[in-house]
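So the structure is just underneath, and the comments pick up after that.
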Amino acid sequence: MMIDNLIPSSSSYPIIQVSSRRKTVKAKCSLACEYLTEKDYIDLLWTTLSEFPGVLVTLWIIDRIGRKKTMALSFLVFSLCSLLLFLCVGRKVLTVLLFIARAFISGGFQAAYVYTPEVYPTATRALGLGTCSGVARVGALITPFIAQVMLESSVYLTLVVYSGCCLLAALASCLLPIETKGRGLQESTHREWGQEMFGRGVPRSNSGSQG
């Protein structure tokens with residue numbers, strides 16, 4: 001669960017950086033800053049707005065294919081779009097790929113936030129959600145430094161690293177032991193929850209059956 005919360009929170013930043021660095025004009029000031037053109041700002045606006053359809057797509061599929069498959073699909077699509085950036089594509093195609101990538105990584109992050117509180121029992125729900133949220137914040141904190149250093153070296157190295165991390169997150173999503181689709185919030189004890197995690201039993205009660 002920590003991987004599924006860490007990766008999406010840290011993967012949108014390099015997309016923002018790639019969308020601006022691939023289309024900058026030569027700097028003229030002594031501080032070597034890079035000027036963005038009007039088209040750059042428009043493209044950045046489009047890739048930012050992609051989070052709205054990303055959330056809507058997640059809302060539509062999460063109760064149809066399940067939480068685990070939704071997260072895995074989101075991470076896989078992000079990785080595919082990132083790897084397609086290796087191709088020599090035009091500005092419009094680049095913007096479309098970045099739009100789709102950011103939409104799905106945003107959707108994967110929201111799916112993780114739906115799944116996390118559902119999978120933990122009441123006794124540890126706050127602790128589990130808080131821990132995963134904290135790990136996600138750590139990812140969001142360190143990724144600007146990592147991405148900036150790698151982008152200075154190679155844009156393609158950055159794409160490989162973040163695509164690989166999202167493939168790892170997709171695999172981790174598929175290996176999660178519990179699918180919470182159609183499953184009520186659990187009131188089980190620590191022991192019952194542990195038995196369900198390892199496939200040795202099912203908790204006896206949930207919030208939907210409480211009087």
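Residue numbering restarts at 1 for every chain of the structure tokens, chains are lettered A, B, ... in their displayed order, and ligands are numbered from 1 as they appear.
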
Could you name the residues that touch range 83-90 of chain A at 12 Å or less, counting only C-alpha atoms, but leaving out those on the same chain fewer than 2 positions away, as a PDB file with C-alpha atoms, in the first residue's frame?
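Output saved as part_23.pdb:
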ATOM      1  CA  ILE A  15       5.418  15.255 -16.337  1.00  0.00           C
ATOM      2  CA  VAL A  18       8.958  17.540 -19.307  1.00  0.00           C
ATOM      3  CA  SER A  19       6.037  19.528 -20.713  1.00  0.00           C
ATOM      4  CA  ARG A  22      10.802  20.146 -24.173  1.00  0.00           C
ATOM      5  CA  LYS A  23       9.465  23.470 -25.477  1.00  0.00           C
ATOM      6  CA  LEU A  76       0.304   0.913 -16.633  1.00  0.00           C
ATOM      7  CA  VAL A  77      -1.225   3.629 -18.830  1.00  0.00           C
ATOM      8  CA  PHE A  78       1.069   6.217 -17.251  1.00  0.00           C
ATOM      9  CA  SER A  79       4.104   4.036 -17.942  1.00  0.00           C
ATOM     10  CA  LEU A  80       3.023   3.418 -21.541  1.00  0.00           C
ATOM     11  CA  CYS A  81       2.487   7.125 -22.247  1.00  0.00           C
ATOM     12  CA  LYS A  92       0.394  18.281 -30.234  1.00  0.00           C
ATOM     13  CA  VAL A  93       1.065  14.552 -29.833  1.00  0.00           C
ATOM     14  CA  LEU A  94       3.431  15.300 -26.957  1.00  0.00           C
ATOM     15  CA  THR A  95       0.757  17.348 -25.207  1.00  0.00           C
ATOM     16  CA  VAL A  96      -1.823  14.584 -25.714  1.00  0.00           C
ATOM     17  CA  LEU A  97       0.516  11.942 -24.252  1.00  0.00           C
ATOM     18  CA  LEU A  98       1.282  14.147 -21.255  1.00  0.00           C
ATOM     19  CA  ILE A 100      -3.282  11.118 -20.737  1.00  0.00           C
ATOM     20  CA  ALA A 101      -0.321  10.287 -18.481  1.00  0.00           C
ATOM     21  CA  SER A 154      18.830  13.263 -19.453  1.00  0.00           C
ATOM     22  CA  VAL A 155      15.087  13.565 -20.045  1.00  0.00           C
ATOM     23  CA  TYR A 156      15.022   9.935 -21.159  1.00  0.00           C
ATOM     24  CA  LEU A 157      16.662   8.733 -17.945  1.00  0.00           C
ATOM     25  CA  THR A 158      13.934  10.510 -16.002  1.00  0.00           C
ATOM     26  CA  LEU A 159      11.207   8.876 -18.104  1.00  0.00           C
ATOM     27  CA  VAL A 160      12.739   5.417 -17.630  1.00  0.00           C
ATOM     28  CA  VAL A 161      12.986   5.806 -13.850  1.00  0.00           C
ATOM     29  CA  TYR A 162       9.439   7.009 -13.339  1.00  0.00           C
ATOM     30  CA  SER A 163       7.991   4.544 -15.852  1.00  0.00           C
ATOM     31  CA  GLY A 164       9.796   1.725 -14.052  1.00  0.00           C
ATOM     32  CA  CYS A 166       4.927   2.936 -12.031  1.00  0.00           C
ATOM     33  CA  LEU A 167       5.338  -0.567 -13.430  1.00  0.00           C
TER      34      LEU A 167
END

Write out, as a tab-separated table, each residue of range 77-116 of chain A that has an atom at most 9 Å from range 61-69 of chain A, together with the closest pair of atoms and their distance in Å to one decimal, counting only C-alpha atoms, rows going by chain and rising number.
residue	atom	partner	partner_atom	distance
A:Ala111	CA	A:Arg67	CA	6.4
A:Ala112	CA	A:Arg67	CA	7.7
A:Val114	CA	A:Arg67	CA	7.8
A:Tyr115	CA	A:Arg67	CA	6.1

What gap, in Å, lies between CA of Ala169 in chain A and CA of Ala72 in chain A?
->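 For CA of Ala169 in chain A relative to CA of Ala72 in chain A, the distance reads 7.2 Å.
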
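Closest approach to Thr48 in chain A among A:Met71, A:Ala103, A:Leu141, A:Ala123 is made by A:Ala103 (distances from only C-alpha atoms).
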
Among range 63-200 of chain A, which residues carry a DSSP assignment of alpha helix (DSSP H), reported as a PyMOL selection string?
-> chain A and resi 63-65+67-84+91-119+122-153+155-174+190-197
